[in-house]
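Participant: Got a structure for you, questions after.
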Amino acid sequence: MKLVVLKFGGTSVGTIKKIEKVADIIKKFKKKKYSVIVVSSAMSGVTNTLIKKSKEICENFSEAEYDVLVSSGEQVACSLIAGRLQHLGFNSRSWLAWQIPILTSGPHKNSRIIKINKNKIINFLKDDGIPVITGFQGINTVNRVTTLGRGGSDASAILIAKFFDAEKCIIYTDVEGVYTTDPNKLKKAKKISVISYEEMLEMASLGAKIMQPVSIQDARLNRIDVYVRSSFVKKSGTLITKKSNIINNKIITGISSTQNDSKVTLIGVKDKPGVAAAIFKPLSKNLINVDMVVQNISPNGKETDLTFTIKTEDLGRTKKIIKDNRHINFRKLSFEKGVSKISIIGVGMVTTPGVTFRMFQALAHKKINIKVISTSEIKISVLIDKKNTKKALEVLHKEFKLYK
Ligand code: ADP
Ligand code: ASP
Ligand code: MG
């Protein structure tokens with residue numbers, strides 16, 4: 001049985017017209033004698049609207065109810081796709097995650113798929129059926145609905161491909177594939193034809209919304225090739241695969257940028273062992289994600305400055321937690337909203353000296369000031385003023401020849 005998993009994102013199923021197009025794509029695979037499992041996200045905007053409602057109804061809406069609420073968007077989209085396929089003469093039906101079931105573990109809002117019961121779907125495929133499965137959701141050991149984190153229908157598709165041993169997993173979206181940077185931020189960004197799991201994981205974790213980071217981890221662990229392509233235009237997309245499948249002479253593969261980051265600085269912190277832990281412990285307890293961190297060397301051995309970045313939505317809570325923290329002493333607290341983290345990513349940098357210097361020099365030529373730096377084996381990130389984001393993306397594309 002030649003089996004393919006086709007996943008459609010929110011923008012691909014955003015209107016009735018688009019769902020008709022989706023059904024036509026599915027029809028083409030059936031014509032080529034493929035067995036098809038469809039996975040869909042909610043119609044675009046629906047999940048955001050539901051989350052907004054959960055915030056409006058009360059301040060501490062429970063996480064279990066959040067999952068019941070936000071997973072409902074996928075039900076609508078899947079039913080409409082199945083309905084259209086039936087209209088075209090196919091044997092199709094929708095499947096909610098609990099009806100299969102797709103079993104998950106972990107906390108509400110951020111669960112992970114651990115097992116998928118295959119029997120019902122296999123029997124339906126044998127009857128030439130097209131199952132349309134809700135992405136983004138599962139159930140846990142106590143039969144409660146769970147969700148897989150924002151963008152989680154990517155993970156659903158990849159793990160369905162794994163459990164059913166599919167020949168292909170194709171992620172259909174509103175752009176032609178993975179680009180060197182978000183094509184909606186930089187028009188001249190180039191489509192990448194093939195990218196390693198490692199690079200895709202960094203790009204996604206550092207702000208490229210095109211794929212959910214967790215889903216790329218799942219693909220890498222299970223060695224699933226993932227194709228990303230457009231549901232609107234018939235053009236080749238991007239293959240996400242293992243490094244050894246790629247011949248690439250580029251040093252840098254892609255550039256990611258973030259939005260809505262803020263920088264926090266504690267000036268004149270009493271420098272003694274355990275001080276950083278005392279600052280970050282209550283932040284982590286309140287689930288505030290701290291990203292880049294730098295601590296200056298204290299000139300007199302008594303005081304130091306500590307800078308870190310967080311999401312701007314957490315700024316109010318962070319301020320309060322630091323001010324209320326009786327375990328730390330500092331002279332001044334300062335904040336800066338409107339910063340952006342720009343990251344260059346590429347496995348090629350491991351073997352190429354001078355990449356850091358070239359990045360800094362290119363930014364300096366454009367008079368872009370670097371506030372914080374962090375690096376790992378295959379990425380270099382810098383924090384800059386958000387207003388310089390586009391300029392930075394442009395100059396780094398030129399420096400690392402990504403337009404070619
Ligand atoms: P879907 O609804 O199909 O899941 P998403 O909105 O989750 O789509 O992801 C697609 C969007 O990702 C694109 O519209 C694009 O703006 C954004 N994006 C961010 N970085 C990249 C990148 N490097 N390449 C392609 N798209 C990107
Ligand atoms: N509908 C969910 C979201 O908006 C899942 C997804 O799009 O993959 O996060
Ligand atoms: Mg998505």
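Numbering starts fresh at 1 for the residues of each chain in the structure tokens, the chains themselves are lettered A, B, ... in the order given, and ligands are numbered from 1 as they appear.
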Give me, as CSV, the closest atom pair and its distance (Å, one decimal) for every residue of chain A within a cut-off of 10 Å of ligand 3, counting only C-alpha atoms and all ligand atoms, rows sorted by chain and rising number.
Facilitator:
```
residue,atom,partner,partner_atom_place_in_ligand_line,distance
A:Phe8,CA,ligand 3,1 (Mg),8.9
A:Gly9,CA,ligand 3,1 (Mg),5.7
A:Gly10,CA,ligand 3,1 (Mg),7.1
A:Thr11,CA,ligand 3,1 (Mg),8.7
A:Ser41,CA,ligand 3,1 (Mg),8.0
A:Ser44,CA,ligand 3,1 (Mg),9.7
A:Arg150,CA,ligand 3,1 (Mg),7.7
A:Gly151,CA,ligand 3,1 (Mg),4.3
A:Gly152,CA,ligand 3,1 (Mg),7.3
A:Ser153,CA,ligand 3,1 (Mg),7.2
A:Asp154,CA,ligand 3,1 (Mg),6.7
A:Ala155,CA,ligand 3,1 (Mg),9.9
A:Ile171,CA,ligand 3,1 (Mg),9.1
A:Tyr172,CA,ligand 3,1 (Mg),9.5
A:Thr173,CA,ligand 3,1 (Mg),7.7
A:Asp174,CA,ligand 3,1 (Mg),9.6
A:Lys209,CA,ligand 3,1 (Mg),6.6
A:Ile210,CA,ligand 3,1 (Mg),5.7
A:Met211,CA,ligand 3,1 (Mg),5.8
A:Gln212,CA,ligand 3,1 (Mg),6.5
```
Participant: Return the single residue from A:Ser205, A:Ser284, A:Thr356, A:Thr147 that is closest to Arg112 of chain A, with distances computed using only C-alpha atoms.
Facilitator: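 Counting only C-alpha atoms, the residue closest to Arg112 of chain A is A:Thr147.
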Participant: What lies within 10 Å of Lys120 of chain A using only C-alpha atoms, ignoring chain neighbours under 5 positions off, as a count of residues only?
Facilitator: 7
Participant: Looking at A:Gln259, A:Thr253, A:Ser374, A:Asn300, which one is nearest to Lys386 of chain A, with distances taken over only C-alpha atoms?
Facilitator: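 Once distances to Lys386 of chain A are computed over only C-alpha atoms, the minimum belongs to A:Gln259.
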Participant: Of the candidates A:Ala166, A:Val13, A:Val269, A:Ile57, which shows the shortest atom-to-atom distance to ligand 1, using only C-alpha atoms and all ligand atoms?
Facilitator: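 For ligand 1, the nearest of the candidates is A:Val13.
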Participant: As a VMD selection string, please: every residue in segment 225-345 of chain A that a backbone DSSP assignment puts in helix (DSSP H, G or I).
Facilitator: chain A and resid 243 to 245 275 to 285 312 to 324
Participant: Would you write out those residues with N, CA, C and O atoms, as a JSON list (two decimals), in the first residue's frame?
Facilitator:
```
[["chain", "number", "residue", "atom", "x", "y", "z"],
["A", 243, "LYS", "N", 21.09, 15.11, 7.46],
["A", 243, "LYS", "CA", 22.25, 15.83, 6.93],
["A", 243, "LYS", "C", 22.94, 15.10, 5.78],
["A", 243, "LYS", "O", 23.32, 15.69, 4.78],
["A", 244, "SER", "N", 23.08, 13.76, 5.96],
["A", 244, "SER", "CA", 23.86, 13.02, 4.97],
["A", 244, "SER", "C", 23.18, 12.97, 3.60],
["A", 244, "SER", "O", 23.78, 12.59, 2.60],
["A", 245, "ASN", "N", 21.91, 13.38, 3.53],
["A", 245, "ASN", "CA", 21.22, 13.41, 2.23],
["A", 245, "ASN", "C", 21.48, 14.73, 1.49],
["A", 245, "ASN", "O", 20.96, 14.94, 0.40],
["A", 275, "VAL", "N", 23.63, 34.05, 42.94],
["A", 275, "VAL", "CA", 22.78, 35.22, 42.68],
["A", 275, "VAL", "C", 21.93, 35.03, 41.41],
["A", 275, "VAL", "O", 20.74, 35.36, 41.40],
["A", 276, "ALA", "N", 22.55, 34.45, 40.37],
["A", 276, "ALA", "CA", 21.79, 34.24, 39.13],
["A", 276, "ALA", "C", 20.64, 33.28, 39.39],
["A", 276, "ALA", "O", 19.50, 33.49, 38.95],
["A", 277, "ALA", "N", 20.91, 32.24, 40.15],
["A", 277, "ALA", "CA", 19.85, 31.27, 40.47],
["A", 277, "ALA", "C", 18.72, 31.95, 41.24],
["A", 277, "ALA", "O", 17.54, 31.69, 41.00],
["A", 278, "ALA", "N", 19.10, 32.85, 42.16],
["A", 278, "ALA", "CA", 18.08, 33.53, 42.96],
["A", 278, "ALA", "C", 17.20, 34.43, 42.09],
["A", 278, "ALA", "O", 16.01, 34.61, 42.35],
["A", 279, "ILE", "N", 17.78, 34.98, 41.03],
["A", 279, "ILE", "CA", 16.99, 35.84, 40.11],
["A", 279, "ILE", "C", 16.06, 34.98, 39.25],
["A", 279, "ILE", "O", 14.89, 35.29, 39.07],
["A", 280, "PHE", "N", 16.61, 33.88, 38.72],
["A", 280, "PHE", "CA", 15.84, 33.13, 37.72],
["A", 280, "PHE", "C", 14.86, 32.10, 38.30],
["A", 280, "PHE", "O", 13.91, 31.72, 37.64],
["A", 281, "LYS", "N", 15.09, 31.68, 39.54],
["A", 281, "LYS", "CA", 14.22, 30.64, 40.10],
["A", 281, "LYS", "C", 12.74, 31.07, 40.11],
["A", 281, "LYS", "O", 11.88, 30.35, 39.59],
["A", 282, "PRO", "N", 12.42, 32.25, 40.67],
["A", 282, "PRO", "CA", 11.00, 32.62, 40.68],
["A", 282, "PRO", "C", 10.42, 32.87, 39.28],
["A", 282, "PRO", "O", 9.23, 32.67, 39.05],
["A", 283, "LEU", "N", 11.28, 33.26, 38.34],
["A", 283, "LEU", "CA", 10.78, 33.46, 36.96],
["A", 283, "LEU", "C", 10.39, 32.11, 36.38],
["A", 283, "LEU", "O", 9.33, 31.95, 35.78],
["A", 284, "SER", "N", 11.25, 31.12, 36.58],
["A", 284, "SER", "CA", 10.95, 29.80, 36.02],
["A", 284, "SER", "C", 9.72, 29.19, 36.71],
["A", 284, "SER", "O", 8.89, 28.55, 36.08],
["A", 285, "LYS", "N", 9.61, 29.43, 38.01],
["A", 285, "LYS", "CA", 8.44, 28.93, 38.75],
["A", 285, "LYS", "C", 7.14, 29.49, 38.18],
["A", 285, "LYS", "O", 6.10, 28.84, 38.17],
["A", 312, "THR", "N", 7.73, 39.98, 25.44],
["A", 312, "THR", "CA", 7.17, 41.23, 25.96],
["A", 312, "THR", "C", 5.88, 40.99, 26.75],
["A", 312, "THR", "O", 5.61, 41.68, 27.73],
["A", 313, "GLU", "N", 5.11, 39.96, 26.35],
["A", 313, "GLU", "CA", 3.87, 39.68, 27.09],
["A", 313, "GLU", "C", 4.14, 39.31, 28.55],
["A", 313, "GLU", "O", 3.26, 39.44, 29.41],
["A", 314, "ASP", "N", 5.38, 38.87, 28.86],
["A", 314, "ASP", "CA", 5.74, 38.51, 30.24],
["A", 314, "ASP", "C", 6.39, 39.66, 31.01],
["A", 314, "ASP", "O", 6.80, 39.48, 32.16],
["A", 315, "LEU", "N", 6.51, 40.83, 30.36],
["A", 315, "LEU", "CA", 7.28, 41.92, 30.98],
["A", 315, "LEU", "C", 6.68, 42.40, 32.30],
["A", 315, "LEU", "O", 7.39, 42.56, 33.31],
["A", 316, "GLY", "N", 5.37, 42.60, 32.32],
["A", 316, "GLY", "CA", 4.71, 43.10, 33.53],
["A", 316, "GLY", "C", 4.95, 42.17, 34.71],
["A", 316, "GLY", "O", 5.34, 42.60, 35.81],
["A", 317, "ARG", "N", 4.74, 40.86, 34.47],
["A", 317, "ARG", "CA", 4.92, 39.88, 35.55],
["A", 317, "ARG", "C", 6.38, 39.82, 35.99],
["A", 317, "ARG", "O", 6.69, 39.70, 37.17],
["A", 318, "THR", "N", 7.29, 39.91, 35.01],
["A", 318, "THR", "CA", 8.73, 39.85, 35.33],
["A", 318, "THR", "C", 9.12, 41.01, 36.25],
["A", 318, "THR", "O", 9.81, 40.82, 37.25],
["A", 319, "LYS", "N", 8.68, 42.22, 35.88],
["A", 319, "LYS", "CA", 8.98, 43.40, 36.70],
["A", 319, "LYS", "C", 8.56, 43.16, 38.13],
["A", 319, "LYS", "O", 9.31, 43.38, 39.07],
["A", 320, "LYS", "N", 7.33, 42.69, 38.30],
["A", 320, "LYS", "CA", 6.79, 42.52, 39.64],
["A", 320, "LYS", "C", 7.59, 41.46, 40.42],
["A", 320, "LYS", "O", 7.95, 41.67, 41.58],
["A", 321, "ILE", "N", 7.88, 40.35, 39.75],
["A", 321, "ILE", "CA", 8.59, 39.26, 40.43],
["A", 321, "ILE", "C", 9.97, 39.73, 40.89],
["A", 321, "ILE", "O", 10.40, 39.43, 42.01],
["A", 322, "ILE", "N", 10.66, 40.50, 40.06],
["A", 322, "ILE", "CA", 12.01, 40.96, 40.44],
["A", 322, "ILE", "C", 11.92, 41.96, 41.58],
["A", 322, "ILE", "O", 12.68, 41.89, 42.55],
["A", 323, "LYS", "N", 10.96, 42.87, 41.47],
["A", 323, "LYS", "CA", 10.83, 43.88, 42.55],
["A", 323, "LYS", "C", 10.46, 43.22, 43.89],
["A", 323, "LYS", "O", 10.88, 43.67, 44.94],
["A", 324, "ASP", "N", 9.66, 42.15, 43.82],
["A", 324, "ASP", "CA", 9.22, 41.48, 45.07],
["A", 324, "ASP", "C", 10.25, 40.47, 45.60],
["A", 324, "ASP", "O", 10.04, 39.89, 46.66]]
```
Participant: I'd like the contact shell of Lys242 of chain A - 10 Å cut-off, only C-alpha atoms, skipping same-chain residues fewer than 5 positions apart - returned as a ChimeraX atom specification.
Facilitator: /A:194-198,219-220,223-225
Participant: In Å, how far is it from atom CA of Leu85 of chain A to atom CA of Leu69 of chain A?
Facilitator: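 These two atoms are separated by 26.3 Å.
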Participant: For Thr47 of chain A, which residue among A:Val5, A:Lys30, A:Lys337, A:Glu74 is the nearest when counting only C-alpha atoms?
Facilitator: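 Closest candidate: A:Glu74.
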Participant: Considering only C-alpha atoms, return as a count of residues only whatever protein or nucleic-acid residues lie within 10 Å of segment 190-193 of chain A, sequence-local ones (same chain, fewer than 4 positions apart) excluded.
Facilitator: 23
Participant: Between A:Gly301, A:Gly149, A:Gly135, A:Gly346, single out the one closest to Ser72 of chain A, counting only C-alpha atoms.
Facilitator: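 Ranked by minimum distance to Ser72 of chain A, first place goes to A:Gly135.
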Participant: I'd like to know which of A:Ile344, A:Ile121, A:Ala23, A:Ile288 is closest to ligand 1, using only C-alpha atoms and all ligand atoms.
Facilitator: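 Distance minimum relative to ligand 1 lands on A:Ile344.
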Participant: Provide the atom CA of Lys302 of chain A to atom CA of Lys332 of chain A distance in Å, to one decimal place.
Facilitator: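 So the answer is 15.2 Å.
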Participant: Taking the chain letters and numbering used in this document, name the residues of segment 148-319 of chain A that DSSP puts in strand (DSSP E), as JSON, numbers by chain.
Facilitator: {"A": [168, 169, 170, 171, 172, 173, 194, 195, 196, 226, 227, 228, 229, 230, 238, 239, 240, 241, 254, 255, 256, 257, 261, 262, 263, 264, 265, 266, 267, 268, 269, 270, 293, 294, 295, 303, 304, 305, 306, 307, 308, 309, 310, 311]}
Participant: Write the residues of the selection above to a file with C-alpha atoms, as a PDB file, in the first residue's frame.
Facilitator:
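Written output follows (part17.pdb):
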```pdb
ATOM      1  CA  LYS A 168       5.597  10.556   2.355  1.00  0.00           C
ATOM      2  CA  CYS A 169       4.511  13.292   4.727  1.00  0.00           C
ATOM      3  CA  ILE A 170       3.601  16.531   2.989  1.00  0.00           C
ATOM      4  CA  ILE A 171       2.884  19.745   4.893  1.00  0.00           C
ATOM      5  CA  TYR A 172       0.721  22.059   2.757  1.00  0.00           C
ATOM      6  CA  THR A 173       0.830  25.723   3.708  1.00  0.00           C
ATOM      7  CA  VAL A 194      16.532  20.907   1.010  1.00  0.00           C
ATOM      8  CA  ILE A 195      17.381  21.531   4.670  1.00  0.00           C
ATOM      9  CA  SER A 196      18.624  19.318   7.526  1.00  0.00           C
ATOM     10  CA  VAL A 226       9.036  16.006   5.509  1.00  0.00           C
ATOM     11  CA  TYR A 227       8.011  17.929   2.396  1.00  0.00           C
ATOM     12  CA  VAL A 228       6.734  21.489   2.803  1.00  0.00           C
ATOM     13  CA  ARG A 229       4.850  22.992  -0.121  1.00  0.00           C
ATOM     14  CA  SER A 230       2.112  25.376  -1.158  1.00  0.00           C
ATOM     15  CA  THR A 238      11.315  22.106   0.549  1.00  0.00           C
ATOM     16  CA  LEU A 239      12.510  18.720   1.747  1.00  0.00           C
ATOM     17  CA  ILE A 240      13.467  18.467   5.434  1.00  0.00           C
ATOM     18  CA  THR A 241      15.764  15.476   5.820  1.00  0.00           C
ATOM     19  CA  GLY A 254      18.732  30.493   6.825  1.00  0.00           C
ATOM     20  CA  ILE A 255      18.093  33.484   9.059  1.00  0.00           C
ATOM     21  CA  SER A 256      15.377  33.699  11.696  1.00  0.00           C
ATOM     22  CA  SER A 257      14.072  36.718  13.549  1.00  0.00           C
ATOM     23  CA  ASP A 261      11.000  40.413  22.730  1.00  0.00           C
ATOM     24  CA  SER A 262      12.055  42.617  25.651  1.00  0.00           C
ATOM     25  CA  LYS A 263      15.395  43.117  27.369  1.00  0.00           C
ATOM     26  CA  VAL A 264      15.687  43.330  31.149  1.00  0.00           C
ATOM     27  CA  THR A 265      18.829  44.600  32.931  1.00  0.00           C
ATOM     28  CA  LEU A 266      19.635  44.524  36.630  1.00  0.00           C
ATOM     29  CA  ILE A 267      22.382  47.033  37.349  1.00  0.00           C
ATOM     30  CA  GLY A 268      24.664  46.765  40.371  1.00  0.00           C
ATOM     31  CA  VAL A 269      23.664  43.296  41.501  1.00  0.00           C
ATOM     32  CA  LYS A 270      25.564  42.105  44.612  1.00  0.00           C
ATOM     33  CA  VAL A 293      21.467  35.879  29.276  1.00  0.00           C
ATOM     34  CA  VAL A 294      24.675  37.898  29.802  1.00  0.00           C
ATOM     35  CA  GLN A 295      26.431  38.762  33.005  1.00  0.00           C
ATOM     36  CA  GLU A 303      28.826  44.208  41.850  1.00  0.00           C
ATOM     37  CA  THR A 304      27.781  43.008  38.419  1.00  0.00           C
ATOM     38  CA  ASP A 305      25.153  43.784  35.773  1.00  0.00           C
ATOM     39  CA  LEU A 306      22.866  41.058  34.494  1.00  0.00           C
ATOM     40  CA  THR A 307      20.876  41.244  31.252  1.00  0.00           C
ATOM     41  CA  PHE A 308      18.348  38.791  29.858  1.00  0.00           C
ATOM     42  CA  THR A 309      15.533  38.656  27.341  1.00  0.00           C
ATOM     43  CA  ILE A 310      11.913  37.534  27.694  1.00  0.00           C
ATOM     44  CA  LYS A 311       8.719  37.749  25.641  1.00  0.00           C
TER      45      LYS A 311
END
```
Participant: Tell me, in Å to one decimal, how far atom CA of Ala42 of chain A is from atom CA of Arg93 of chain A.
Facilitator: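 That distance, rounded to one decimal, is 16.4 Å.
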